[in-house]
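Asks: Below is the file model.txt, with compact mmCIF, C-alpha atoms (C1' of nucleotides).
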```
# COMPACT_ATOMS: atom_id res chain seq x y z
CA MET A 43 75.80 94.92 95.24
CA ARG A 44 77.47 92.99 98.01
CA ILE A 45 81.04 93.12 99.22
CA GLY A 46 82.36 90.49 96.84
CA GLU A 47 81.26 92.38 93.78
CA LEU A 48 82.57 95.66 95.12
CA ALA A 49 85.88 93.92 95.67
CA LYS A 50 85.95 92.72 92.08
CA ARG A 51 84.99 96.05 90.62
CA ALA A 52 87.55 97.99 92.61
CA ARG A 53 90.15 95.23 92.33
CA THR A 54 90.48 94.86 96.03
CA GLN A 55 90.18 92.06 98.49
CA VAL A 56 87.11 91.66 100.58
CA GLU A 57 89.08 91.81 103.80
CA THR A 58 90.66 95.06 102.72
CA ILE A 59 87.23 96.65 102.28
CA ARG A 60 86.18 95.61 105.75
CA TYR A 61 89.47 96.93 107.03
CA TYR A 62 88.91 100.29 105.35
CA GLU A 63 85.49 100.48 106.91
CA ARG A 64 86.95 99.71 110.30
CA VAL A 65 89.56 102.46 110.06
CA GLY A 66 87.09 104.97 108.70
CA LEU A 67 88.17 105.32 105.07
CA LEU A 68 84.87 103.93 103.88
CA PRO A 69 81.61 104.81 105.59
CA GLU A 70 79.70 102.06 107.35
CA ALA A 71 77.71 100.24 104.73
CA ALA A 72 73.97 99.63 104.88
CA ARG A 73 72.96 96.06 105.62
CA THR A 74 70.50 93.54 104.22
CA GLU A 75 68.21 91.56 106.49
CA GLY A 76 70.79 88.82 106.57
CA ASN A 77 73.38 91.35 107.79
CA TYR A 78 75.25 91.55 104.49
CA ARG A 79 76.84 94.86 103.52
CA VAL A 80 75.24 96.54 100.49
CA TYR A 81 77.01 99.00 98.23
CA GLY A 82 76.28 101.29 95.30
CA ASP A 83 78.32 102.83 92.53
CA ARG A 84 79.50 105.64 94.75
CA HIS A 85 81.29 103.10 96.87
CA VAL A 86 83.03 101.66 93.84
CA GLU A 87 84.22 105.12 92.99
CA ARG A 88 85.44 105.94 96.46
CA LEU A 89 87.20 102.63 96.83
CA SER A 90 88.84 102.99 93.43
CA PHE A 91 90.02 106.42 94.48
CA ILE A 92 91.60 104.97 97.59
CA ARG A 93 93.21 102.13 95.68
CA HIS A 94 94.57 104.49 93.08
CA CYS A 95 96.13 106.58 95.81
CA ARG A 96 97.62 103.46 97.39
CA GLU A 97 99.12 102.50 94.05
CA LEU A 98 100.79 105.89 94.19
CA ASP A 99 102.17 104.85 97.58
CA MET A 100 100.26 107.38 99.61
CA SER A 101 99.65 106.55 103.23
CA LEU A 102 96.14 106.02 104.50
CA ASP A 103 96.50 109.28 106.40
CA GLU A 104 97.30 111.17 103.24
CA ILE A 105 94.35 109.56 101.55
CA ARG A 106 92.12 110.55 104.42
CA VAL A 107 93.12 114.16 103.81
CA LEU A 108 92.38 113.88 100.10
CA LEU A 109 89.01 112.33 100.82
CA ARG A 110 88.16 115.19 103.12
CA PHE A 111 88.89 117.57 100.24
CA ALA A 112 86.84 115.49 97.87
CA ASP A 113 83.95 115.55 100.31
CA ALA A 114 83.96 119.35 100.53
CA PRO A 115 83.30 120.35 96.91
CA ASP A 116 83.21 124.09 97.55
CA ALA A 117 86.62 124.37 99.13
CA SER A 118 89.69 125.31 97.13
CA CYS A 119 91.83 122.50 95.91
CA ALA A 120 95.09 124.25 96.70
CA GLY A 121 95.67 121.86 99.59
CA VAL A 122 95.35 118.89 97.29
CA ASP A 123 98.22 120.15 95.23
CA ALA A 124 100.27 120.84 98.34
CA LEU A 125 99.73 117.33 99.65
CA LEU A 126 100.80 115.92 96.33
CA GLU A 127 103.89 118.06 96.29
CA GLU A 128 104.84 116.88 99.73
CA HIS A 129 104.27 113.29 98.77
CA ILE A 130 106.52 113.73 95.75
CA ALA A 131 109.14 115.08 98.11
CA HIS A 132 108.90 111.93 100.22
CA VAL A 133 109.35 109.76 97.18
CA THR A 134 112.26 111.81 95.93
CA HIS A 135 113.94 111.60 99.28
CA ARG A 136 113.46 107.86 99.40
CA ILE A 137 114.98 107.48 95.95
CA GLU A 138 118.04 109.42 97.01
CA THR A 139 118.47 107.36 100.13
CA LEU A 140 118.25 104.15 98.16
CA GLN A 141 120.72 105.33 95.56
CA ASN A 142 123.14 106.11 98.33
CA LEU A 143 122.58 102.68 99.75
CA LYS A 144 123.14 101.03 96.43
CA ARG A 145 126.47 102.76 96.05
CA GLN A 146 127.57 101.55 99.46
CA LEU A 147 126.49 98.02 98.71
CA GLN A 148 128.37 98.01 95.45
CA ASN A 149 131.50 99.23 97.15
CA LEU A 150 131.11 96.56 99.75
CA ARG A 151 130.86 93.96 97.08
CA LYS A 152 134.17 95.03 95.59
CA ALA A 153 135.80 94.17 98.89
CA CYS A 154 135.60 90.47 98.04
CA PRO A 155 135.95 89.90 94.32
CA VAL A 156 136.85 86.21 94.54
CA ALA A 157 135.47 83.41 96.66
CA LYS A 158 137.77 82.75 99.58
CA ASP A 159 137.03 81.26 102.91
CA VAL A 160 134.99 83.24 105.32
CA ARG A 161 137.92 84.30 107.49
CA GLN A 162 139.37 86.37 104.68
CA CYS A 163 136.16 87.61 103.19
CA GLY A 164 136.40 91.33 102.70
CA ILE A 165 132.67 91.79 102.81
CA LEU A 166 132.20 90.20 106.19
CA ASN A 167 135.23 92.01 107.50
CA GLU A 168 133.92 95.36 106.40
CA LEU A 169 130.56 94.64 107.89
CA SER A 170 132.17 93.71 111.18
CA ALA A 171 134.15 96.92 111.35
CA HIS A 172 132.38 99.58 113.33
CA ALA A 173 130.46 101.57 110.83
CA GLN A 174 131.21 104.94 112.28
CA LYS A 175 131.38 107.13 109.23
CA MET A 176 128.04 106.31 107.76
CA PRO A 177 126.04 109.48 107.18
CA ASP A 178 123.20 108.42 109.41
CA THR A 179 120.30 107.44 107.20
CA PRO A 180 117.92 110.30 107.88
CA ALA A 181 115.00 108.02 107.42
CA GLN A 182 111.94 110.02 108.25
CA HIS A 183 108.75 109.04 106.56
CA VAL A 184 110.35 106.36 104.46
CA GLY A 185 109.95 102.64 104.27
CA GLY A 186 112.40 99.79 103.79
CA THR A 187 113.59 97.91 100.79
CA HIS A 188 111.88 94.76 102.03
CA GLY A 189 108.60 93.69 103.38
CA ILE A 190 106.26 92.84 100.59
CA ARG A 191 103.46 95.29 99.92
CA LYS A 192 100.80 92.65 100.01
CA GLY A 193 97.96 94.98 99.19
CA LEU A 194 98.94 95.56 95.59
CA SER A 195 99.20 92.45 93.47
CA GLY A 196 101.40 90.55 95.86
CA SER A 197 99.05 87.66 96.60
CA VAL A 198 101.43 85.76 98.80
CA LYS A 199 100.11 82.36 99.65
CA LYS A 200 99.92 80.14 102.72
CA MET B 164 129.46 95.21 130.57
CA ARG B 165 125.73 95.45 130.97
CA ILE B 166 123.09 96.04 128.38
CA GLY B 167 123.14 99.84 128.60
CA GLU B 168 126.80 100.05 127.77
CA LEU B 169 126.48 97.57 124.94
CA ALA B 170 123.69 99.72 123.58
CA LYS B 171 125.89 102.81 123.70
CA ARG B 172 128.85 101.11 122.11
CA ALA B 173 126.85 99.64 119.27
CA ARG B 174 124.63 102.71 118.97
CA THR B 175 121.49 100.78 119.56
CA GLN B 176 118.63 100.96 121.96
CA VAL B 177 118.42 98.64 124.89
CA GLU B 178 115.04 97.33 123.80
CA THR B 179 116.40 96.49 120.39
CA ILE B 180 119.10 94.33 121.94
CA ARG B 181 116.58 92.40 123.96
CA TYR B 182 114.49 92.08 120.83
CA TYR B 183 117.44 90.68 118.87
CA GLU B 184 118.05 88.18 121.62
CA ARG B 185 114.41 87.14 121.53
CA VAL B 186 114.41 86.55 117.79
CA GLY B 187 117.72 84.73 117.86
CA LEU B 188 120.08 87.22 116.25
CA LEU B 189 122.06 87.54 119.43
CA PRO B 190 122.78 84.54 121.66
CA GLU B 191 121.25 84.48 125.11
CA ALA B 192 123.49 86.51 127.35
CA ALA B 193 124.99 85.31 130.61
CA ARG B 194 123.48 86.81 133.74
CA THR B 195 124.73 88.35 136.96
CA GLU B 196 123.37 87.35 140.34
CA GLY B 197 120.87 90.14 140.05
CA ASN B 198 119.68 88.73 136.72
CA TYR B 199 121.32 91.42 134.61
CA ARG B 200 122.63 90.47 131.18
CA VAL B 201 126.41 90.60 130.84
CA TYR B 202 128.28 91.11 127.59
CA GLY B 203 131.81 91.14 126.24
CA ASP B 204 133.55 92.69 123.28
CA ARG B 205 132.40 89.92 120.97
CA HIS B 206 128.85 91.01 121.54
CA VAL B 207 129.69 94.58 120.63
CA GLU B 208 131.16 93.31 117.41
CA ARG B 209 128.25 91.11 116.54
CA LEU B 210 125.71 93.77 117.33
CA SER B 211 127.63 96.36 115.31
CA PHE B 212 127.65 93.92 112.44
CA ILE B 213 123.90 93.57 112.64
CA ARG B 214 123.37 97.30 112.88
CA HIS B 215 125.65 97.93 109.95
CA CYS B 216 123.63 95.49 107.89
CA ARG B 217 120.42 97.16 108.97
CA GLU B 218 121.80 100.51 107.89
CA LEU B 219 122.26 98.88 104.51
CA ASP B 220 118.56 98.02 104.67
CA MET B 221 119.01 94.28 104.87
CA SER B 222 116.22 92.31 106.44
CA LEU B 223 116.79 90.40 109.64
CA ASP B 224 116.48 87.20 107.63
CA GLU B 225 119.28 88.26 105.32
CA ILE B 226 121.38 89.18 108.31
CA ARG B 227 120.71 85.80 109.85
CA VAL B 228 122.15 84.22 106.72
CA LEU B 229 125.24 86.41 106.86
CA LEU B 230 125.74 85.59 110.52
CA ARG B 231 125.58 81.92 109.73
CA PHE B 232 128.38 82.46 107.23
CA ALA B 233 130.37 84.47 109.70
CA ASP B 234 129.98 81.69 112.25
CA ALA B 235 131.36 79.05 109.89
CA PRO B 236 134.87 80.40 109.19
CA ASP B 237 135.96 77.49 107.02
CA ALA B 238 133.16 77.70 104.48
CA SER B 239 133.50 79.60 101.25
CA CYS B 240 132.24 83.13 101.19
CA ALA B 241 130.72 82.81 97.74
CA GLY B 242 127.25 82.83 99.27
CA VAL B 243 127.95 86.10 100.98
CA ASP B 244 128.61 87.74 97.67
CA ALA B 245 125.49 86.18 96.19
CA LEU B 246 123.33 87.46 99.01
CA LEU B 247 124.73 90.91 98.55
CA GLU B 248 124.09 90.79 94.84
CA GLU B 249 120.50 89.81 95.42
CA HIS B 250 120.05 92.55 97.95
CA ILE B 251 121.42 95.08 95.48
CA ALA B 252 118.86 93.80 93.00
CA HIS B 253 116.09 94.46 95.51
CA VAL B 254 117.28 97.98 96.05
CA THR B 255 117.62 98.61 92.33
CA HIS B 256 114.15 97.34 91.73
CA ARG B 257 112.74 99.54 94.45
CA ILE B 258 114.47 102.58 92.98
CA GLU B 259 112.94 101.90 89.60
CA THR B 260 109.49 101.49 91.06
CA LEU B 261 109.79 104.75 92.92
CA GLN B 262 111.02 106.61 89.87
CA ASN B 263 108.02 105.37 87.99
CA LEU B 264 105.81 106.51 90.79
CA LYS B 265 107.38 109.91 90.86
CA ARG B 266 106.72 110.39 87.18
CA GLN B 267 103.08 109.50 87.64
CA LEU B 268 102.73 111.85 90.56
CA GLN B 269 104.28 114.69 88.60
CA ASN B 270 101.91 114.08 85.72
CA LEU B 271 99.03 114.05 88.12
CA ARG B 272 100.12 117.35 89.51
CA LYS B 273 100.06 118.93 86.08
CA ALA B 274 96.37 118.10 85.90
CA CYS B 275 95.59 120.99 88.22
CA PRO B 276 98.01 123.87 87.73
CA VAL B 277 95.88 126.52 89.40
CA ALA B 278 93.79 126.48 92.55
CA LYS B 279 90.15 126.02 91.67
CA ASP B 280 87.36 124.62 93.72
CA VAL B 281 87.37 120.96 94.39
CA ARG B 282 84.69 120.11 91.84
CA GLN B 283 86.96 121.11 88.98
CA CYS B 284 90.21 119.88 90.43
CA GLY B 285 92.00 117.83 87.84
CA ILE B 286 93.98 115.94 90.41
CA LEU B 287 90.98 114.68 92.31
CA ASN B 288 89.19 113.89 89.10
CA GLU B 289 92.07 111.83 87.81
CA LEU B 290 92.32 110.00 91.08
CA SER B 291 88.62 109.21 90.97
CA ALA B 292 88.81 107.78 87.48
CA HIS B 293 89.31 104.05 87.51
CA ALA B 294 93.01 103.56 87.32
CA GLN B 295 92.93 100.71 84.85
CA LYS B 296 96.04 101.33 82.86
CA MET B 297 98.49 101.40 85.68
CA PRO B 298 101.26 98.90 85.10
CA ASP B 299 100.54 97.01 88.27
CA THR B 300 103.25 97.88 90.76
CA PRO B 301 105.10 94.56 90.89
CA ALA B 302 105.86 95.14 94.50
CA GLN B 303 107.57 92.01 95.68
CA HIS B 304 110.10 92.37 98.43
CA VAL B 305 109.84 96.11 98.56
CA GLY B 306 108.69 98.55 101.20
CA GLY B 307 106.65 101.72 101.05
CA THR B 308 107.56 105.36 100.81
CA HIS B 309 106.21 105.95 104.29
CA GLY B 310 106.43 104.51 107.69
CA ILE B 311 109.39 105.84 109.55
CA ARG B 312 112.27 103.45 110.04
CA LYS B 313 112.46 104.07 113.72
CA GLY B 314 115.41 101.84 114.30
CA LEU B 315 117.93 104.07 112.63
CA SER B 316 118.20 107.55 114.04
CA GLY B 317 114.47 108.23 114.03
CA SER B 318 114.04 108.80 117.76
CA VAL B 319 110.36 109.61 117.60
CA LYS B 320 109.12 110.77 120.94
CA LYS B 321 106.08 110.20 123.10
C1' DC C 181 67.86 68.85 101.99
C1' DT C 182 72.29 69.22 101.07
C1' DT C 183 76.01 71.36 98.78
C1' DG C 184 78.59 75.23 97.89
C1' DA C 185 79.28 80.03 97.30
C1' DC C 186 79.10 83.76 99.64
C1' DC C 187 78.89 86.55 103.87
C1' DC C 188 79.64 87.74 109.06
C1' DT C 189 82.69 88.86 113.48
C1' DG C 190 86.80 88.48 115.86
C1' DT C 191 91.44 87.54 116.48
C1' DA C 192 96.26 86.73 115.39
C1' DG C 193 100.03 87.33 112.38
C1' DC C 194 103.64 89.85 109.29
C1' DC C 195 108.19 93.31 110.04
C1' DG C 196 111.37 95.64 113.11
C1' DC C 197 111.15 97.62 116.36
C1' DT C 198 109.16 101.22 120.28
C1' DA C 199 106.92 102.22 124.47
C1' DC C 200 104.92 101.41 128.09
C1' DA C 201 103.52 99.10 133.03
C1' DG C 202 104.97 97.28 137.04
C1' DG C 203 108.30 95.51 139.19
C1' DG C 204 113.65 94.49 141.01
C1' DT C 205 118.86 95.87 141.65
C1' DT C 206 122.68 98.81 141.93
C1' DT C 207 124.94 103.14 142.33
C1' DT C 208 125.13 107.76 143.76
C1' DT C 209 124.19 111.32 146.70
C1' DA C 210 122.70 113.76 151.09
C1' DT D 38 122.76 104.73 156.39
C1' DA D 39 118.87 105.85 153.94
C1' DA D 40 116.79 107.81 150.20
C1' DA D 41 116.92 108.98 145.45
C1' DA D 42 118.31 108.16 140.97
C1' DA D 43 119.85 105.30 137.49
C1' DC D 44 119.77 101.22 135.71
C1' DC D 45 117.85 96.60 134.82
C1' DC D 46 114.07 92.85 134.37
C1' DT D 47 109.65 90.56 132.06
C1' DG D 48 105.63 90.98 129.57
C1' DT D 49 102.47 93.07 126.64
C1' DA D 50 100.54 96.22 123.28
C1' DG D 51 101.16 99.23 119.52
C1' DC D 52 102.67 101.15 114.69
C1' DG D 53 100.85 100.49 109.04
C1' DG D 54 98.35 98.13 105.94
C1' DC D 55 96.84 94.70 105.39
C1' DT D 56 96.32 89.01 105.22
C1' DA D 57 94.62 84.78 106.97
C1' DC D 58 92.53 82.21 109.56
C1' DA D 59 88.51 80.07 112.92
C1' DG D 60 83.99 79.39 113.61
C1' DG D 61 79.95 80.55 112.48
C1' DG D 62 75.46 82.44 109.50
C1' DT D 63 72.72 83.19 104.81
C1' DC D 64 71.09 82.13 100.47
C1' DA D 65 70.40 80.15 95.81
C1' DA D 66 70.69 75.99 92.90
C1' DG D 67 70.30 71.02 92.15
```
Would you kindly transcribe this structure into structure tokens?
Replies:
Amino acid sequence: MRIGELAKRARTQVETIRYYERVGLLPEAARTEGNYRVYGDRHVERLSFIRHCRELDMSLDEIRVLLRFADAPDASCAGVDALLEEHIAHVTHRIETLQNLKRQLQNLRKACPVAKDVRQCGILNELSAHAQKMPDTPAQHVGGTHGIRKGLSGSVKK
Amino acid sequence: MRIGELAKRARTQVETIRYYERVGLLPEAARTEGNYRVYGDRHVERLSFIRHCRELDMSLDEIRVLLRFADAPDASCAGVDALLEEHIAHVTHRIETLQNLKRQLQNLRKACPVAKDVRQCGILNELSAHAQKMPDTPAQHVGGTHGIRKGLSGSVKK
DNA sequence: CTTGACCCTGTAGCCGCTACAGGGTTTTTA
DNA sequence: TAAAAACCCTGTAGCGGCTACAGGGTCAAG
């Protein structure tokens, strides 16, 4: 099968497959005479594995580690569990941070319950005040609220 | 004051200030004879405003909108409140997504409660299975679990 | 023999910075 | 007064995880 069919079967985009090959998540594919990549079922499986991990918000580095485990069938899988546990910790931490954030935003919103002119707007005033007491978003290993994850369903056009 | 002091006062990095100037969040600064940027207290205020918004995980685009409000003191501040409400919705949505994710990860972890060899590892096996039933992470306007937010406290070296 | 679907490589862009390289200017110290 | 240190400048490249071109080549059907 060629790259287009692999893409369909693993619900990926063609460019993403080439990208994964470039960064070493997928092995270099064999080629036809016309220089087209050719794939087999094992590639579908590996790519689905990667995509599944991405849906679980793992980083490509984490996935690389998992793939190394999967490629060494005699090793113990204790490390797999450990990686998962750590990943869960990241997610948990991110949830806490965001809940904190949400609370602050809601408080901020209370500062201006009715539409006035900008000069008197409590929200803008609070934002202008030096935000000294904020408990320093710890922020390791954690992404933002924004910035569309294009890889998974997003399909943002033009 | 020069850029270094502004950075200290607004708890930012010098490069970030230049970056904000480049992308139009801060106006172009006046210069000394030696071509150094010079700032006043108004700049400290504006930069603190921006940083405060960033701590609340707003995107630079959202901040741009807020700044436009702040710069038009006679307009109504209704839009400010609306923007905030929308931003809270983003955050809420992201929290829900992550909670979903966490549940899935915890289930996955149950699939392999004891260390075996990789061949029998329930986690890897589940990840290999085609993940058809996943409720398609909606994923608009939402960042990942990973990918250090360097701007806020991170200070990642070398 | 042309159309169109598919494929190729390579490069640039997204966000919000960070981190250089390779210079210039100002301040402090010896 | 000169040298060293601290600060500043511009410009460019990099991070992750892709996406989206441009500008071509290949292959099957009509």
Asks: Could you do a least-squares fit of chain B on chain A over every C-alpha atom, in sequence order, and give the output as a short mmCIF file (atom, residue, chain, number, x, y, z; two decimals) with C-alpha atoms, in the frame of the given file?
Replies:
```cif
data_model
loop_
_atom_site.label_atom_id
_atom_site.label_comp_id
_atom_site.auth_asym_id
_atom_site.auth_seq_id
_atom_site.Cartn_x
_atom_site.Cartn_y
_atom_site.Cartn_z
CA MET B 164 75.83 94.91 95.26
CA ARG B 165 77.49 92.97 98.02
CA ILE B 166 81.02 93.12 99.24
CA GLY B 167 82.40 90.49 96.86
CA GLU B 168 81.28 92.37 93.80
CA LEU B 169 82.58 95.65 95.14
CA ALA B 170 85.89 93.94 95.70
CA LYS B 171 85.97 92.72 92.11
CA ARG B 172 85.01 96.05 90.65
CA ALA B 173 87.56 97.99 92.64
CA ARG B 174 90.17 95.24 92.36
CA THR B 175 90.49 94.86 96.06
CA GLN B 176 90.17 92.06 98.52
CA VAL B 177 87.09 91.68 100.61
CA GLU B 178 89.07 91.85 103.83
CA THR B 179 90.64 95.10 102.76
CA ILE B 180 87.22 96.66 102.31
CA ARG B 181 86.15 95.64 105.77
CA TYR B 182 89.45 96.96 107.05
CA TYR B 183 88.89 100.33 105.36
CA GLU B 184 85.46 100.51 106.90
CA ARG B 185 86.92 99.76 110.32
CA VAL B 186 89.52 102.50 110.08
CA GLY B 187 87.07 105.02 108.70
CA LEU B 188 88.14 105.34 105.08
CA LEU B 189 84.86 103.95 103.89
CA PRO B 190 81.56 104.83 105.58
CA GLU B 191 79.67 102.08 107.34
CA ALA B 192 77.68 100.25 104.73
CA ALA B 193 73.96 99.61 104.87
CA ARG B 194 72.94 96.04 105.59
CA THR B 195 70.50 93.51 104.20
CA GLU B 196 68.20 91.50 106.41
CA GLY B 197 70.82 88.81 106.53
CA ASN B 198 73.37 91.34 107.78
CA TYR B 199 75.26 91.55 104.50
CA ARG B 200 76.83 94.87 103.53
CA VAL B 201 75.25 96.54 100.51
CA TYR B 202 77.00 99.01 98.24
CA GLY B 203 76.27 101.28 95.30
CA ASP B 204 78.30 102.82 92.53
CA ARG B 205 79.49 105.64 94.76
CA HIS B 206 81.28 103.10 96.88
CA VAL B 207 83.02 101.65 93.86
CA GLU B 208 84.22 105.12 93.00
CA ARG B 209 85.43 105.93 96.46
CA LEU B 210 87.19 102.63 96.86
CA SER B 211 88.84 102.97 93.45
CA PHE B 212 90.01 106.39 94.49
CA ILE B 213 91.59 104.96 97.60
CA ARG B 214 93.21 102.12 95.71
CA HIS B 215 94.56 104.48 93.10
CA CYS B 216 96.13 106.56 95.83
CA ARG B 217 97.60 103.46 97.42
CA GLU B 218 99.12 102.48 94.09
CA LEU B 219 100.79 105.87 94.21
CA ASP B 220 102.16 104.83 97.60
CA MET B 221 100.25 107.36 99.62
CA SER B 222 99.64 106.54 103.24
CA LEU B 223 96.13 106.03 104.52
CA ASP B 224 96.49 109.29 106.43
CA GLU B 225 97.29 111.18 103.26
CA ILE B 226 94.34 109.56 101.57
CA ARG B 227 92.11 110.56 104.44
CA VAL B 228 93.12 114.15 103.82
CA LEU B 229 92.37 113.88 100.12
CA LEU B 230 89.00 112.33 100.85
CA ARG B 231 88.17 115.20 103.14
CA PHE B 232 88.89 117.55 100.25
CA ALA B 233 86.84 115.49 97.88
CA ASP B 234 83.95 115.57 100.33
CA ALA B 235 83.97 119.36 100.55
CA PRO B 236 83.31 120.34 96.91
CA ASP B 237 83.21 124.08 97.55
CA ALA B 238 86.64 124.39 99.14
CA SER B 239 89.71 125.29 97.16
CA CYS B 240 91.84 122.48 95.91
CA ALA B 241 95.10 124.23 96.70
CA GLY B 242 95.67 121.84 99.59
CA VAL B 243 95.37 118.88 97.29
CA ASP B 244 98.23 120.14 95.22
CA ALA B 245 100.28 120.83 98.33
CA LEU B 246 99.74 117.33 99.64
CA LEU B 247 100.81 115.90 96.34
CA GLU B 248 103.91 118.05 96.30
CA GLU B 249 104.86 116.86 99.74
CA HIS B 250 104.28 113.28 98.79
CA ILE B 251 106.52 113.71 95.76
CA ALA B 252 109.16 115.06 98.11
CA HIS B 253 108.91 111.92 100.21
CA VAL B 254 109.35 109.73 97.19
CA THR B 255 112.28 111.79 95.93
CA HIS B 256 113.95 111.59 99.28
CA ARG B 257 113.49 107.85 99.42
CA ILE B 258 114.99 107.46 95.96
CA GLU B 259 118.05 109.41 97.00
CA THR B 260 118.50 107.35 100.13
CA LEU B 261 118.27 104.15 98.16
CA GLN B 262 120.75 105.33 95.56
CA ASN B 263 123.17 106.10 98.32
CA LEU B 264 122.61 102.69 99.75
CA LYS B 265 123.17 101.03 96.44
CA ARG B 266 126.50 102.75 96.04
CA GLN B 267 127.61 101.56 99.45
CA LEU B 268 126.53 98.03 98.72
CA GLN B 269 128.41 98.01 95.44
CA ASN B 270 131.54 99.25 97.16
CA LEU B 271 131.14 96.59 99.77
CA ARG B 272 130.90 93.98 97.10
CA LYS B 273 134.19 95.06 95.60
CA ALA B 274 135.83 94.21 98.91
CA CYS B 275 135.64 90.52 98.07
CA PRO B 276 135.99 89.91 94.34
CA VAL B 277 136.88 86.23 94.58
CA ALA B 278 135.51 83.43 96.72
CA LYS B 279 137.81 82.80 99.64
CA ASP B 280 137.07 81.30 102.98
CA VAL B 281 135.04 83.30 105.37
CA ARG B 282 137.98 84.37 107.53
CA GLN B 283 139.43 86.43 104.71
CA CYS B 284 136.20 87.67 103.23
CA GLY B 285 136.43 91.38 102.73
CA ILE B 286 132.70 91.83 102.82
CA LEU B 287 132.24 90.25 106.20
CA ASN B 288 135.25 92.05 107.54
CA GLU B 289 133.95 95.41 106.42
CA LEU B 290 130.58 94.67 107.91
CA SER B 291 132.19 93.75 111.21
CA ALA B 292 134.16 96.96 111.39
CA HIS B 293 132.35 99.62 113.34
CA ALA B 294 130.44 101.58 110.80
CA GLN B 295 131.19 104.98 112.24
CA LYS B 296 131.41 107.09 109.15
CA MET B 297 128.06 106.28 107.70
CA PRO B 298 126.09 109.43 107.06
CA ASP B 299 123.25 108.40 109.30
CA THR B 300 120.36 107.38 107.10
CA PRO B 301 117.97 110.25 107.78
CA ALA B 302 115.08 107.91 107.43
CA GLN B 303 112.03 109.95 108.28
CA HIS B 304 108.82 109.02 106.57
CA VAL B 305 110.39 106.35 104.45
CA GLY B 306 109.96 102.61 104.23
CA GLY B 307 112.40 99.77 103.78
CA THR B 308 113.63 97.88 100.77
CA HIS B 309 111.90 94.75 102.00
CA GLY B 310 108.60 93.67 103.28
CA ILE B 311 106.26 92.83 100.50
CA ARG B 312 103.46 95.29 99.87
CA LYS B 313 100.81 92.64 99.94
CA GLY B 314 97.98 94.97 99.18
CA LEU B 315 98.91 95.57 95.59
CA SER B 316 99.13 92.49 93.44
CA GLY B 317 101.29 90.52 95.85
CA SER B 318 98.89 87.62 96.43
CA VAL B 319 101.19 85.68 98.71
CA LYS B 320 99.75 82.31 99.47
CA LYS B 321 99.39 80.09 102.50
#
```
Asks: For a quick check of understanding, using all atoms listed in the file, which of D:DA59, D:DG67, D:DC52, D:DA41 has the smallest distance to DG196 (chain C)?
Replies: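 Looking at the shortest contact to DG196 (chain C), the residue is D:DC52.
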Asks: How big is the axis-aligned box around all listed atoms of region 200-205 of chain B once 4 Å goes on each side, and where's its centre, in Å to one decimal, as JSON?
Replies:
```
{"center_x": 128.1, "center_y": 91.3, "center_z": 126.1, "size_x": 18.9, "size_y": 10.8, "size_z": 18.2}
```
Asks: Of the candidates C:DA199, C:DT191, C:DT205, C:DA210, which one gets nearest to DA57 (chain D) if we count all atoms listed in the file?
Replies: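 Nearest to DA57 (chain D): C:DT191.
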Asks: Residues of chain D within 9 Å of chain A, using all atoms listed in the file, as a list in words?
Replies: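 Output check: DG53, DG54, DC55, DT56, DA57, DG62 and DT63 of chain D.
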Asks: Please provide the set of residues having any atom within 10 Å of Val160 (chain A), restricted to only C-alpha atoms (C1' of nucleotides), with same-chain residues fewer than 3 positions apart removed, written as a list in words.
Replies: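 Returned residues: Ala157, Cys163, Gly164, Ile165, Leu166 and Asn167 of chain A; Phe232, Ala233, Asp234, Ala235, Pro236, Asp237, Ala238, Ser239, Cys240, Ala241, Gly242 and Val243 of chain B.
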